[in-house]
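Source file query_1.txt; content: compact mmCIF, C-alpha atoms (C1' of nucleotides).
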```txt
# COMPACT_ATOMS: atom_id res chain seq x y z
CA MET A 26 -94.07 199.77 303.04
CA ILE A 27 -94.62 197.80 299.92
CA ASP A 28 -97.62 196.92 297.85
CA PHE A 29 -97.83 193.83 295.69
CA LYS A 30 -100.31 193.32 292.90
CA VAL A 31 -100.68 190.17 290.88
CA ILE A 32 -101.61 191.26 287.38
CA LYS A 33 -101.77 187.82 285.82
CA GLN A 34 -101.91 184.36 287.30
CA SER A 35 -100.96 181.59 284.88
CA LYS A 36 -103.44 178.80 284.41
CA LYS A 37 -100.71 176.35 283.48
CA SER A 38 -98.55 176.73 286.57
CA ARG A 39 -98.08 178.82 289.69
CA ALA A 40 -96.19 181.40 287.61
CA ARG A 41 -97.57 184.91 287.85
CA LEU A 42 -96.87 188.44 286.70
CA GLY A 43 -96.84 191.09 289.36
CA ILE A 44 -95.91 194.62 290.29
CA LEU A 45 -94.06 195.10 293.54
CA LYS A 46 -94.33 198.74 294.61
CA THR A 47 -91.75 200.07 297.00
CA PRO A 48 -90.92 203.58 298.23
CA HIS A 49 -88.14 203.56 295.64
CA GLY A 50 -90.05 202.43 292.62
CA GLU A 51 -91.68 199.38 291.16
CA VAL A 52 -90.39 195.94 290.33
CA GLU A 53 -91.92 193.95 287.52
CA THR A 54 -92.06 190.37 288.70
CA PRO A 55 -90.89 187.73 288.26
CA ALA A 56 -87.54 189.45 288.69
CA PHE A 57 -83.94 188.52 289.22
CA VAL A 58 -82.30 190.34 292.14
CA PRO A 59 -78.53 190.76 291.76
CA VAL A 60 -76.39 190.47 294.88
CA ALA A 61 -74.77 193.66 296.19
CA THR A 62 -73.34 192.21 299.41
CA ARG A 63 -71.39 195.27 300.50
CA ALA A 64 -73.60 197.87 298.84
CA THR A 65 -72.18 197.40 295.38
CA ILE A 66 -72.48 195.03 292.48
CA LYS A 67 -68.79 194.22 292.45
CA THR A 68 -67.01 196.04 289.57
CA LEU A 69 -70.07 198.05 288.50
CA THR A 70 -71.35 201.50 289.36
CA SER A 71 -74.98 201.71 290.41
CA GLU A 72 -75.81 203.35 287.07
CA GLU A 73 -74.26 200.41 285.27
CA ALA A 74 -76.17 197.91 287.41
CA ALA A 75 -79.37 199.71 286.40
CA ALA A 76 -78.29 199.88 282.75
CA ALA A 77 -77.90 196.11 282.85
CA GLY A 78 -81.62 195.90 283.55
CA SER A 79 -81.50 195.32 287.29
CA GLN A 80 -84.67 196.42 289.07
CA MET A 81 -83.85 195.59 292.68
CA LEU A 82 -80.65 194.64 294.50
CA ILE A 83 -80.01 192.73 297.71
CA ALA A 84 -77.32 193.80 300.19
CA ASN A 85 -76.14 191.91 303.25
CA THR A 86 -76.65 192.76 306.90
CA TYR A 87 -73.70 190.79 308.28
CA HIS A 88 -71.24 192.24 305.79
CA LEU A 89 -72.41 195.84 306.07
CA HIS A 90 -72.42 195.56 309.85
CA LEU A 91 -68.74 194.62 309.69
CA TRP A 92 -67.81 197.12 307.07
CA PRO A 93 -68.50 200.03 307.12
CA GLY A 94 -71.02 199.58 309.95
CA GLU A 95 -74.73 200.41 309.76
CA LYS A 96 -74.38 203.66 311.68
CA LEU A 97 -72.19 205.05 308.94
CA VAL A 98 -74.72 204.01 306.31
CA LYS A 99 -77.46 205.66 308.33
CA LYS A 100 -75.48 208.89 308.65
CA ALA A 101 -74.93 208.82 304.91
CA GLY A 102 -78.68 209.10 304.52
CA GLY A 103 -79.43 205.41 304.15
CA ILE A 104 -78.21 202.83 301.72
CA HIS A 105 -80.03 204.26 298.70
CA LYS A 106 -78.19 207.56 298.97
CA PHE A 107 -75.01 205.95 300.20
CA MET A 108 -74.62 203.85 297.06
CA ASN A 109 -76.54 206.14 294.72
CA TRP A 110 -79.14 203.49 293.95
CA PRO A 111 -82.53 205.25 293.92
CA HIS A 112 -84.31 202.00 293.08
CA PRO A 113 -85.73 199.15 295.20
CA LEU A 114 -83.39 197.39 297.63
CA MET A 115 -83.52 194.42 299.97
CA THR A 116 -81.19 193.40 302.79
CA ASP A 117 -80.57 189.79 303.64
CA SER A 118 -80.68 189.29 307.41
CA GLY A 119 -77.39 187.52 308.04
CA GLY A 120 -79.19 184.22 308.54
CA PHE A 121 -77.39 182.64 305.65
CA GLN A 122 -74.07 183.45 307.33
CA VAL A 123 -75.17 181.29 310.28
CA PHE A 124 -74.77 178.43 307.85
CA SER A 125 -72.08 179.62 305.47
CA LEU A 126 -69.70 180.66 308.26
CA GLY A 127 -70.75 177.72 310.42
CA PHE A 128 -71.35 174.20 309.19
CA GLY A 129 -70.90 175.37 305.61
CA THR A 130 -67.28 176.33 306.30
CA ASP A 131 -66.68 173.33 308.58
CA HIS A 132 -67.77 170.88 305.90
CA GLY A 133 -66.72 172.82 302.82
CA ILE A 134 -70.24 172.65 301.50
CA GLY A 135 -72.97 174.87 300.06
CA LYS A 136 -76.73 174.54 299.88
CA PHE A 137 -76.52 171.47 297.71
CA ALA A 138 -74.69 168.34 298.88
CA LYS A 139 -73.11 165.99 296.38
CA GLY A 140 -74.35 162.96 298.22
CA ARG A 141 -76.09 161.83 301.36
CA ALA A 142 -74.47 162.66 304.68
CA GLU A 143 -73.54 158.99 305.15
CA GLU A 144 -71.86 158.87 301.73
CA ILE A 145 -69.88 162.04 302.38
CA GLY A 146 -69.02 160.94 305.89
CA LYS A 147 -70.04 164.27 307.41
CA SER A 148 -73.29 165.12 309.11
CA VAL A 149 -75.08 167.68 311.25
CA ARG A 150 -77.10 166.25 314.10
CA THR A 151 -78.85 167.61 317.17
CA GLY A 152 -76.22 168.81 319.60
CA ASP A 153 -73.56 169.33 316.92
CA LYS A 154 -71.93 172.74 317.08
CA PRO A 155 -70.17 174.63 314.31
CA GLN A 156 -66.51 175.41 315.01
CA LYS A 157 -66.42 179.13 314.36
CA LEU A 158 -69.71 180.39 315.72
CA LYS A 159 -72.11 179.68 318.54
CA ILE A 160 -75.86 179.42 318.05
CA THR A 161 -78.04 180.20 321.08
CA PRO A 162 -81.81 180.70 321.46
CA HIS A 163 -81.17 184.45 321.39
CA GLY A 164 -78.97 184.65 318.32
CA VAL A 165 -75.54 183.83 317.01
CA HIS A 166 -72.05 184.69 318.23
CA PHE A 167 -70.04 185.27 315.07
CA ARG A 168 -66.46 186.11 314.41
CA SER A 169 -65.65 188.90 312.01
CA ILE A 170 -64.22 187.62 308.73
CA ILE A 171 -62.26 190.88 308.60
CA ASP A 172 -60.43 191.04 311.91
CA GLY A 173 -61.70 188.04 313.84
CA ARG A 174 -63.39 190.02 316.59
CA GLU A 175 -66.50 188.58 318.19
CA LEU A 176 -69.92 189.93 317.44
CA PHE A 177 -73.45 188.92 318.26
CA ILE A 178 -76.38 189.04 315.88
CA GLY A 179 -79.84 187.83 316.81
CA PRO A 180 -83.22 188.74 315.36
CA TYR A 181 -83.37 191.98 317.34
CA GLU A 182 -79.86 193.02 316.30
CA SER A 183 -80.45 192.04 312.67
CA ILE A 184 -83.60 194.12 312.39
CA LYS A 185 -81.95 197.12 314.07
CA ILE A 186 -79.04 196.89 311.67
CA GLN A 187 -81.38 196.51 308.70
CA GLU A 188 -83.37 199.54 309.85
CA ASP A 189 -80.24 201.64 309.98
CA ILE A 190 -79.23 200.42 306.55
CA GLY A 191 -82.67 201.40 305.34
CA ALA A 192 -83.52 199.08 302.44
CA ASP A 193 -87.13 198.82 301.26
CA ILE A 194 -87.43 195.18 302.21
CA MET A 195 -85.82 193.38 305.15
CA PHE A 196 -85.64 189.69 305.95
CA ALA A 197 -86.25 188.03 309.30
CA PHE A 198 -83.18 186.52 310.96
CA ASP A 199 -83.16 182.77 310.42
CA GLU A 200 -80.94 179.75 310.52
CA CYS A 201 -80.19 178.38 307.09
CA THR A 202 -79.61 174.68 307.60
CA SER A 203 -76.92 172.47 306.11
CA PRO A 204 -77.78 169.91 303.45
CA LEU A 205 -76.06 167.43 305.76
CA ALA A 206 -78.44 168.12 308.65
CA ASP A 207 -80.70 165.27 309.70
CA TYR A 208 -84.43 165.46 310.39
CA GLU A 209 -84.09 166.08 314.12
CA TYR A 210 -81.61 168.90 313.66
CA VAL A 211 -83.78 170.58 311.06
CA LYS A 212 -86.87 170.19 313.23
CA ASP A 213 -85.15 171.91 316.16
CA SER A 214 -83.69 174.54 313.85
CA LEU A 215 -87.12 175.25 312.41
CA GLU A 216 -88.43 175.99 315.90
CA LEU A 217 -85.53 178.36 316.41
CA THR A 218 -86.20 180.11 313.10
CA HIS A 219 -89.87 180.46 314.06
CA ARG A 220 -88.98 181.92 317.44
CA TRP A 221 -86.68 184.35 315.69
CA ALA A 222 -89.40 185.20 313.13
CA LYS A 223 -91.66 186.47 315.90
CA MET A 224 -88.79 188.32 317.53
CA SER A 225 -87.91 189.93 314.19
CA LEU A 226 -91.46 191.18 313.75
CA ASN A 227 -91.56 192.51 317.31
CA ALA A 228 -88.26 194.28 316.85
CA ARG A 229 -89.38 196.28 313.84
CA ARG A 230 -90.04 199.96 314.43
CA SER A 231 -89.67 201.29 310.90
CA LYS A 232 -92.03 201.25 307.95
CA GLN A 233 -89.76 199.00 305.94
CA ALA A 234 -91.30 195.79 304.67
CA LEU A 235 -90.29 192.56 306.39
CA TYR A 236 -90.30 189.11 304.85
CA GLY A 237 -90.49 185.95 306.95
CA ILE A 238 -88.39 183.01 305.89
CA VAL A 239 -89.67 179.48 305.33
CA GLN A 240 -87.16 176.79 306.29
CA GLY A 241 -87.40 173.02 306.63
CA SER A 242 -84.68 171.68 304.36
CA HIS A 243 -85.78 168.79 302.12
CA PHE A 244 -88.32 167.39 304.58
CA LYS A 245 -91.88 167.78 303.29
CA ASP A 246 -93.69 167.94 306.62
CA LEU A 247 -91.18 170.42 308.06
CA ARG A 248 -91.43 172.65 304.98
CA GLU A 249 -95.22 172.56 305.30
CA ALA A 250 -95.00 173.41 308.98
CA GLY A 251 -92.59 176.21 308.12
CA ALA A 252 -94.92 177.62 305.49
CA ARG A 253 -98.00 177.43 307.73
CA PHE A 254 -96.27 179.10 310.63
CA THR A 255 -94.65 181.86 308.58
CA ASN A 256 -97.93 182.51 306.79
CA SER A 257 -99.71 182.91 310.11
CA LEU A 258 -97.57 185.88 311.08
CA ASP A 259 -97.92 189.46 309.89
CA PHE A 260 -95.10 189.50 307.37
CA ASP A 261 -95.22 191.55 304.17
CA GLY A 262 -93.86 188.76 302.05
CA PHE A 263 -91.98 185.51 302.22
CA GLY A 264 -88.48 184.34 301.75
CA ILE A 265 -88.00 180.69 300.99
CA GLY A 266 -84.57 179.65 302.10
CA GLY A 267 -82.46 176.81 303.26
CA ASP A 268 -80.79 173.82 301.77
CA PHE A 269 -82.00 171.17 299.39
CA GLY A 270 -80.24 168.07 300.63
CA ASP A 271 -78.43 166.14 297.92
CA ASP A 272 -81.08 166.32 295.22
CA LYS A 273 -81.54 169.35 293.00
CA LYS A 274 -85.11 168.29 292.33
CA ASN A 275 -85.88 169.43 295.86
CA MET A 276 -85.47 172.99 294.60
CA THR A 277 -88.85 172.77 292.87
CA LYS A 278 -90.35 170.31 295.33
CA VAL A 279 -89.88 172.81 298.14
CA LEU A 280 -91.99 175.27 296.17
CA ASP A 281 -94.61 172.61 295.50
CA TRP A 282 -94.86 171.95 299.23
CA THR A 283 -94.80 175.52 300.50
CA VAL A 284 -96.24 177.98 297.98
CA PRO A 285 -99.83 176.61 298.17
CA LEU A 286 -99.74 177.29 301.92
CA LEU A 287 -98.64 180.92 301.56
CA SER A 288 -100.97 183.86 301.04
CA PRO A 289 -101.22 184.46 297.28
CA ARG A 290 -101.43 188.20 297.90
CA LYS A 291 -97.92 188.43 299.28
CA PRO A 292 -94.70 188.32 297.26
CA ARG A 293 -92.43 185.28 297.47
CA HIS A 294 -88.67 185.52 297.23
CA TYR A 295 -86.58 182.42 296.63
CA LEU A 296 -83.30 182.99 298.41
CA GLY A 297 -80.04 182.26 296.69
CA ILE A 298 -81.29 180.46 293.63
CA GLY A 299 -80.80 181.37 290.05
CA TYR A 300 -78.79 179.46 287.48
CA LEU A 301 -80.38 180.26 284.14
CA GLU A 302 -81.80 176.75 283.86
CA ASP A 303 -83.32 177.08 287.32
CA MET A 304 -85.27 180.25 286.56
CA GLU A 305 -88.20 178.90 284.62
CA PRO A 306 -88.80 175.96 286.98
CA ILE A 307 -88.80 178.14 290.10
CA ILE A 308 -90.97 180.79 288.47
CA LYS A 309 -93.42 178.06 287.48
CA GLY A 310 -93.20 176.92 291.08
CA GLY A 311 -94.37 180.32 292.24
CA ALA A 312 -91.29 182.43 292.91
CA ASP A 313 -91.80 186.16 292.27
CA THR A 314 -88.26 187.29 292.92
CA PHE A 315 -84.98 185.46 293.51
CA ASP A 316 -81.36 186.42 294.05
CA CYS A 317 -78.17 184.66 293.12
CA ILE A 318 -74.48 185.43 293.14
CA VAL A 319 -73.90 183.42 289.98
CA PRO A 320 -73.81 186.07 287.23
CA THR A 321 -71.53 188.37 289.24
CA HIS A 322 -69.44 185.75 291.04
CA TYR A 323 -68.87 183.67 287.92
CA ALA A 324 -67.92 186.77 285.97
CA ARG A 325 -64.98 187.19 288.32
CA ARG A 326 -64.00 183.61 287.59
CA GLY A 327 -64.06 184.33 283.87
CA ILE A 328 -67.36 182.65 283.03
CA ALA A 329 -69.73 184.40 280.63
CA PHE A 330 -73.28 183.12 280.20
CA THR A 331 -74.46 183.15 276.60
CA SER A 332 -77.22 181.86 274.37
CA SER A 333 -74.90 179.00 273.41
CA GLY A 334 -73.86 178.08 276.94
CA ARG A 335 -71.09 179.09 279.30
CA LEU A 336 -67.88 180.59 277.96
CA ASP A 337 -64.71 180.17 280.02
CA LEU A 338 -62.51 183.15 279.23
CA HIS A 339 -59.50 181.25 280.62
CA ASP A 340 -59.50 179.35 277.36
CA LYS A 341 -56.69 180.43 275.04
CA LYS A 342 -58.82 179.81 271.98
CA PHE A 343 -60.73 183.02 272.65
CA LEU A 344 -57.60 185.10 272.07
CA ALA A 345 -58.17 184.53 268.36
CA ASP A 346 -61.94 184.88 268.50
CA LYS A 347 -63.36 188.10 267.10
CA LYS A 348 -66.97 187.46 268.06
CA PRO A 349 -68.65 189.24 270.96
CA LEU A 350 -69.32 187.18 274.10
CA ASP A 351 -72.77 186.48 272.70
CA PRO A 352 -73.57 187.55 269.12
CA LYS A 353 -77.25 187.56 270.03
CA CYS A 354 -76.82 189.79 273.08
CA ALA A 355 -77.83 193.47 273.01
CA CYS A 356 -75.69 194.59 275.95
CA LEU A 357 -73.01 197.28 275.79
CA THR A 358 -70.21 194.78 276.32
CA CYS A 359 -71.34 192.74 273.34
CA ALA A 360 -71.91 195.84 271.25
CA HIS A 361 -68.37 197.12 271.67
CA TYR A 362 -65.99 194.37 272.76
CA ARG A 363 -64.84 191.03 271.41
CA ARG A 364 -63.81 187.75 272.98
CA ASN A 365 -60.15 188.20 271.98
CA TYR A 366 -59.86 191.47 273.92
CA ILE A 367 -61.88 190.33 276.95
CA GLY A 368 -59.91 187.07 276.98
CA HIS A 369 -56.66 189.01 276.98
CA LEU A 370 -57.82 191.31 279.79
CA PHE A 371 -58.96 188.37 281.87
CA ARG A 372 -55.73 186.42 281.44
CA ALA A 373 -53.77 189.55 282.28
CA HIS A 374 -55.87 190.03 285.45
CA GLU A 375 -56.99 193.43 284.26
CA LEU A 376 -59.92 194.77 286.29
CA THR A 377 -61.76 195.85 283.17
CA ALA A 378 -62.30 192.19 282.28
CA PHE A 379 -64.36 191.67 285.43
CA LYS A 380 -66.44 194.71 284.66
CA LEU A 381 -67.14 193.76 281.05
CA ILE A 382 -68.12 190.19 281.91
CA THR A 383 -70.14 191.19 284.98
CA PHE A 384 -72.11 193.71 282.96
CA HIS A 385 -72.82 191.18 280.24
CA ASN A 386 -73.84 188.42 282.67
CA LEU A 387 -76.14 190.72 284.58
CA PHE A 388 -77.75 192.00 281.40
CA TYR A 389 -78.12 188.46 280.14
CA PHE A 390 -79.75 187.21 283.35
CA ASN A 391 -82.13 190.16 283.51
CA ALA A 392 -83.05 189.76 279.85
CA TYR A 393 -83.58 186.04 280.41
CA VAL A 394 -86.17 186.74 283.12
CA ALA A 395 -87.77 189.42 280.97
CA ARG A 396 -88.36 186.76 278.32
CA ILE A 397 -89.97 184.51 280.92
CA ARG A 398 -92.26 187.39 281.92
CA GLN A 399 -93.18 187.69 278.26
CA LYS A 400 -93.96 183.97 278.13
CA ILE A 401 -96.30 184.32 281.10
CA LYS A 402 -97.94 187.31 279.47
CA GLU A 403 -98.53 185.25 276.34
CA GLY A 404 -99.90 182.36 278.35
CA ARG A 405 -97.13 179.99 277.30
CA ILE A 406 -96.06 178.88 280.77
C1' G B 15 -6.05 178.86 276.67
C1' U B 16 -5.88 177.93 282.33
C1' G B 17 -8.47 177.72 287.02
C1' C B 18 -12.97 177.74 289.84
C1' C B 19 -18.40 177.45 290.08
C1' C B 20 -23.23 175.94 288.12
C1' A B 21 -26.82 172.64 285.20
C1' U B 22 -33.70 169.51 289.07
C1' G B 23 -41.32 170.38 286.03
C1' G B 24 -43.25 176.77 282.24
C1' U B 25 -40.66 180.10 286.20
C1' G B 26 -37.96 180.34 290.96
C1' U B 27 -36.10 177.13 294.47
C1' A B 28 -35.51 172.44 298.07
C1' G B 29 -33.40 167.92 298.33
C1' U B 30 -25.34 165.73 299.59
C1' G B 31 -26.55 157.50 298.64
C1' G B 32 -32.68 154.61 299.67
C1' U B 33 -39.34 155.41 295.94
C1' A B 34 -38.01 163.92 293.64
C1' A B 35 -40.45 168.43 297.69
C1' C B 36 -42.39 173.58 297.79
C1' A B 37 -44.31 178.28 295.75
C1' C B 38 -46.11 180.62 291.61
C1' U B 39 -47.73 179.89 286.58
C1' A B 40 -50.37 176.84 283.06
C1' G B 41 -54.21 173.00 281.82
C1' A B 42 -58.94 170.01 283.63
C1' G B 43 -62.93 169.95 287.24
C1' U B 44 -65.91 172.17 291.30
C1' U B 45 -68.59 176.87 292.44
C1' U B 46 -76.73 178.71 293.60
C1' G B 47 -79.13 184.30 300.03
C1' U B 48 -69.80 185.42 301.79
C1' G B 49 -65.19 185.11 299.00
C1' G B 50 -60.85 188.22 292.15
C1' A B 51 -61.23 182.95 297.62
C1' G B 52 -61.20 177.80 298.47
C1' C B 53 -60.96 172.69 297.17
C1' U B 54 -59.64 168.30 293.78
C1' C B 55 -56.65 166.68 289.74
C1' U B 56 -52.70 167.18 285.80
C1' C B 57 -47.71 168.83 283.86
C1' G B 58 -40.27 166.41 285.66
C1' U B 59 -36.79 160.12 281.65
C1' C B 60 -33.28 165.50 288.19
C1' A B 61 -28.46 168.62 280.76
C1' C B 62 -26.01 164.25 278.13
C1' C B 63 -22.69 159.68 278.15
C1' G B 64 -20.21 156.22 281.09
C1' G B 65 -18.51 154.38 285.98
C1' U B 66 -18.76 153.10 291.54
C1' U B 67 -22.86 150.87 294.53
C1' C B 68 -27.83 146.16 296.43
C1' G B 69 -29.42 151.25 295.36
C1' A B 70 -27.30 157.97 292.56
C1' A B 71 -30.53 164.17 291.53
C1' U B 72 -26.91 163.20 295.34
C1' C B 73 -20.07 160.07 294.61
C1' C B 74 -16.23 159.62 290.24
C1' G B 75 -14.69 160.52 284.91
C1' G B 76 -15.92 162.63 280.37
C1' U B 77 -19.22 165.61 276.93
C1' U B 78 -22.23 169.79 276.05
C1' G B 79 -24.10 174.47 277.68
C1' G B 80 -23.75 178.71 281.01
C1' G B 81 -21.17 182.10 284.73
C1' C B 82 -16.74 184.25 287.16
C1' A B 83 -11.41 185.08 287.47
C1' C B 84 -6.64 185.14 285.21
C1' C B 85 -3.28 185.04 280.81
```
Let me see whether you can do it: turn the structure in this file into structure tokens.
Amino acid sequence: MIDFKVIKQSKKSRARLGILKTPHGEVETPAFVPVATRATIKTLTSEEAAAAGSQMLIANTYHLHLWPGEKLVKKAGGIHKFMNWPHPLMTDSGGFQVFSLGFGTDHGIGKFAKGRAEEIGKSVRTGDKPQKLKITPHGVHFRSIIDGRELFIGPYESIKIQEDIGADIMFAFDECTSPLADYEYVKDSLELTHRWAKMSLNARRSKQALYGIVQGSHFKDLREAGARFTNSLDFDGFGIGGDFGDDKKNMTKVLDWTVPLLSPRKPRHYLGIGYLEDMEPIIKGGADTFDCIVPTHYARRGIAFTSSGRLDLHDKKFLADKKPLDPKCACLTCAHYRRNYIGHLFRAHELTAFKLITFHNLFYFNAYVARIRQKIKEGRI
RNA sequence: GUGCCCAUGGUGUAGUGGUAACACUAGAGUUUGUGGAGCUCUCGUCACCGGUUCGAAUCCGGUUGGGCACC
């Protein structure tokens, strides 16, 4: 189980400092949670992920179920031993894959739409079905992204898989909606997510913590209904998930609508959010932890985040640049390597480039949140 | 020297009379709980000169540059 203590509540916003105790150590919140989908921060060892300042990681139920399979992880002694990460861990439930492998793939879209459904000419309405998976009241029939075989994951299956994986914190199985979904679809989906929330709680047999997920897209009354319902159940914390329609402002609005309706004693995790510029707003909105693929994913695309903005290592100009990625950064990459070398490695598709940039980005993101914690401590936000 | 063959974007190829295609690379975007992926865009006076034709990368002649064979 987990224990969450708020050690300082800001008077200027909903930001707060906390300590999240888990069987594998404590997390100082607010905290960034790097994404370790298949039980690894891609390109880094677990020791390196920790050296980059990571306190807690999030792995993925759907992906570990496919490969290598939860039974293998269980036999290995659980995910902590399996990946040699003796620190706190979460597992996402697979609910996001209901969207990303469903309407997300069909429409080539993520959690943010670039326009209204009518403008884009694509929409998700009641009765619409995604092409590659089937959603039923009991769960979702997926296809494996590895070999195409069919598999079924519902709340019961998700919790059983997550129990075998053995992270400290699990998430309830939910449906993450599309930003192109209309009110009626989201309303129906919310009922499904709530049904699955209860089933997830009933399925749990272990002592692992379980977070319920608040959905409702960009519709205020549905978000409020989602928050009230999720808060009424015996979850150990909350995930706030879903899409934000076509307006990025909804990212903070969703927190404004939901956080006041959630128990202040329980931790709140904002799912899948975390550009640097998003961090302070969502922390002010009341997020205690949040995960995002950005620092690791972008590193593999050659993007380094620095105090002077994003660097694109594709750019030839860096081949003649002897500065570190960020002269103000205290990470090992910046202490020992320069842009010219990293640029060369990246352009030559050398694996070491991914590692150096990933380490830097992770360190930078973690340090960025640490500074926000300091601001809260000093009463500045 | 003679004969034959070849000459299309950065690279490799397609296209044998009717608005130059494909792959990779490169450059510009996009990327928020999967993806070293994907998607969008950009990069060619078809070696040069002339001719035939309503119209030529495509046919003809020449030039230049390659390759092969023979003396």
Nearby residues (only C-alpha atoms (C1' of nucleotides)) at most 10 Å from stretch 30-36 of chain B, same-chain spacing under 2 positions excluded, as a list in words: U22, U27, A28, G58, C60, U67, G69, A70, A71, U72 and C73 of chain B
Find the residues in chain B near chain A: any atom within 8 Å counts, using all atoms listed in the file. Write them as a short mmCIF file (atom, residue, chain, number, x, y, z; two decimals) with C-alpha atoms (C1' of nucleotides), in the coordinates of the input.
```
data_model
loop_
_atom_site.label_atom_id
_atom_site.label_comp_id
_atom_site.auth_asym_id
_atom_site.auth_seq_id
_atom_site.Cartn_x
_atom_site.Cartn_y
_atom_site.Cartn_z
"C1'" U B 46 -76.73 178.71 293.60
"C1'" G B 47 -79.13 184.30 300.03
"C1'" U B 48 -69.80 185.42 301.79
"C1'" G B 50 -60.85 188.22 292.15
#
```
Quick one: everything within 6 Å of stretch 278-293 of chain A, counting all atoms listed in the file, minus sequence neighbours fewer than 2 positions away in the same chain. Send it as an mmCIF file with C-alpha atoms, keeping the file's coordinate frame.
```
data_model
loop_
_atom_site.group_PDB
_atom_site.id
_atom_site.type_symbol
_atom_site.label_atom_id
_atom_site.label_comp_id
_atom_site.auth_asym_id
_atom_site.auth_seq_id
_atom_site.Cartn_x
_atom_site.Cartn_y
_atom_site.Cartn_z
ATOM 1 C CA GLU A 249 -95.220 172.560 305.300
ATOM 2 C CA ALA A 252 -94.920 177.620 305.490
ATOM 3 C CA ASN A 256 -97.930 182.510 306.790
ATOM 4 C CA GLY A 262 -93.860 188.760 302.050
ATOM 5 C CA PHE A 263 -91.980 185.510 302.220
ATOM 6 C CA GLY A 264 -88.480 184.340 301.750
ATOM 7 C CA ASN A 275 -85.880 169.430 295.860
ATOM 8 C CA MET A 276 -85.470 172.990 294.600
ATOM 9 C CA GLY A 310 -93.200 176.920 291.080
ATOM 10 C CA ALA A 312 -91.290 182.430 292.910
ATOM 11 C CA ASP A 313 -91.800 186.160 292.270
#
```
Identify, on the basis of only C-alpha atoms (C1' of nucleotides), every residue whose closest approach to B:G76 does not exceed 12 Å; exclude the query and any residue fewer than 2 positions from it along the same chain; express the result as a PyMOL selection string. chain B and resi 62-65+74+78
Coordinates-based distance that separates atom CA of A:Leu247 from atom CA of A:Gly146 (Å, one decimal): 24.2 Å
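Distances to A:Arg39 were evaluated for A:Phe244, A:Ser225, A:Pro55, A:His163 using all atoms listed in the file, and the minimum falls at A:Pro55.
Going from atom CA of A:Gln156 over to atom CA of A:Gly94, you cover 25.1 Å.
With distances taken over all atoms listed in the file, A:Ile328 is the one residue among A:Ile328, A:Ile307, A:Ile44, A:Ile32 lying closest to A:Asn386.
Take atom C1' of B:G29 and atom C1' of B:A61: the distance between them is 18.3 Å.
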List as a PDB file with C-alpha atoms, in the coordinates of the input the protein and nucleic acid residues near A:Asp153, meaning an atom at most 12 Å away when only C-alpha atoms (C1' of nucleotides) are counted, but skip any in the same chain fewer than 4 places from it.
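The result, stored in selection18.pdb:
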```pdb
ATOM      1  CA  GLY A 127     -70.750 177.720 310.420  1.00  0.00           C
ATOM      2  CA  PHE A 128     -71.350 174.200 309.190  1.00  0.00           C
ATOM      3  CA  ASP A 131     -66.680 173.330 308.580  1.00  0.00           C
ATOM      4  CA  LYS A 147     -70.040 164.270 307.410  1.00  0.00           C
ATOM      5  CA  SER A 148     -73.290 165.120 309.110  1.00  0.00           C
ATOM      6  CA  VAL A 149     -75.080 167.680 311.250  1.00  0.00           C
ATOM      7  CA  LEU A 158     -69.710 180.390 315.720  1.00  0.00           C
ATOM      8  CA  LYS A 159     -72.110 179.680 318.540  1.00  0.00           C
ATOM      9  CA  ILE A 160     -75.860 179.420 318.050  1.00  0.00           C
ATOM     10  CA  SER A 203     -76.920 172.470 306.110  1.00  0.00           C
ATOM     11  CA  LEU A 205     -76.060 167.430 305.760  1.00  0.00           C
ATOM     12  CA  ALA A 206     -78.440 168.120 308.650  1.00  0.00           C
ATOM     13  CA  ASP A 207     -80.700 165.270 309.700  1.00  0.00           C
ATOM     14  CA  GLU A 209     -84.090 166.080 314.120  1.00  0.00           C
ATOM     15  CA  TYR A 210     -81.610 168.900 313.660  1.00  0.00           C
ATOM     16  CA  VAL A 211     -83.780 170.580 311.060  1.00  0.00           C
ATOM     17  CA  ASP A 213     -85.150 171.910 316.160  1.00  0.00           C
ATOM     18  CA  SER A 214     -83.690 174.540 313.850  1.00  0.00           C
TER      19      SER A 214
END
```
If we count all atoms listed in the file and set the cut-off at 12 Å, which residues sit around B:C53, ignoring sequence neighbours fewer than 3 positions away in its own chain? Please answer as a list in words. Thr130, His132, Gly133 and Ile134 of chain A; G43, U44 and U45 of chain B
Pull C-alpha atoms (C1' of nucleotides) from the residues just selected and write them as a PDB file, in the frame of the given file.
```pdb
ATOM      1  CA  THR A 130     -67.280 176.330 306.300  1.00  0.00           C
ATOM      2  CA  HIS A 132     -67.770 170.880 305.900  1.00  0.00           C
ATOM      3  CA  GLY A 133     -66.720 172.820 302.820  1.00  0.00           C
ATOM      4  CA  ILE A 134     -70.240 172.650 301.500  1.00  0.00           C
TER       5      ILE A 134
ATOM      6  C1'   G B  43     -62.930 169.950 287.240  1.00  0.00           C
ATOM      7  C1'   U B  44     -65.910 172.170 291.300  1.00  0.00           C
ATOM      8  C1'   U B  45     -68.590 176.870 292.440  1.00  0.00           C
TER       9        U B  45
END
```
In file coordinates, which residues lie within 10 Å of (-26.4, 176.0, 289.4) using all atoms listed in the file, given as a ChimeraX atom specification? /B:19-22,80-81
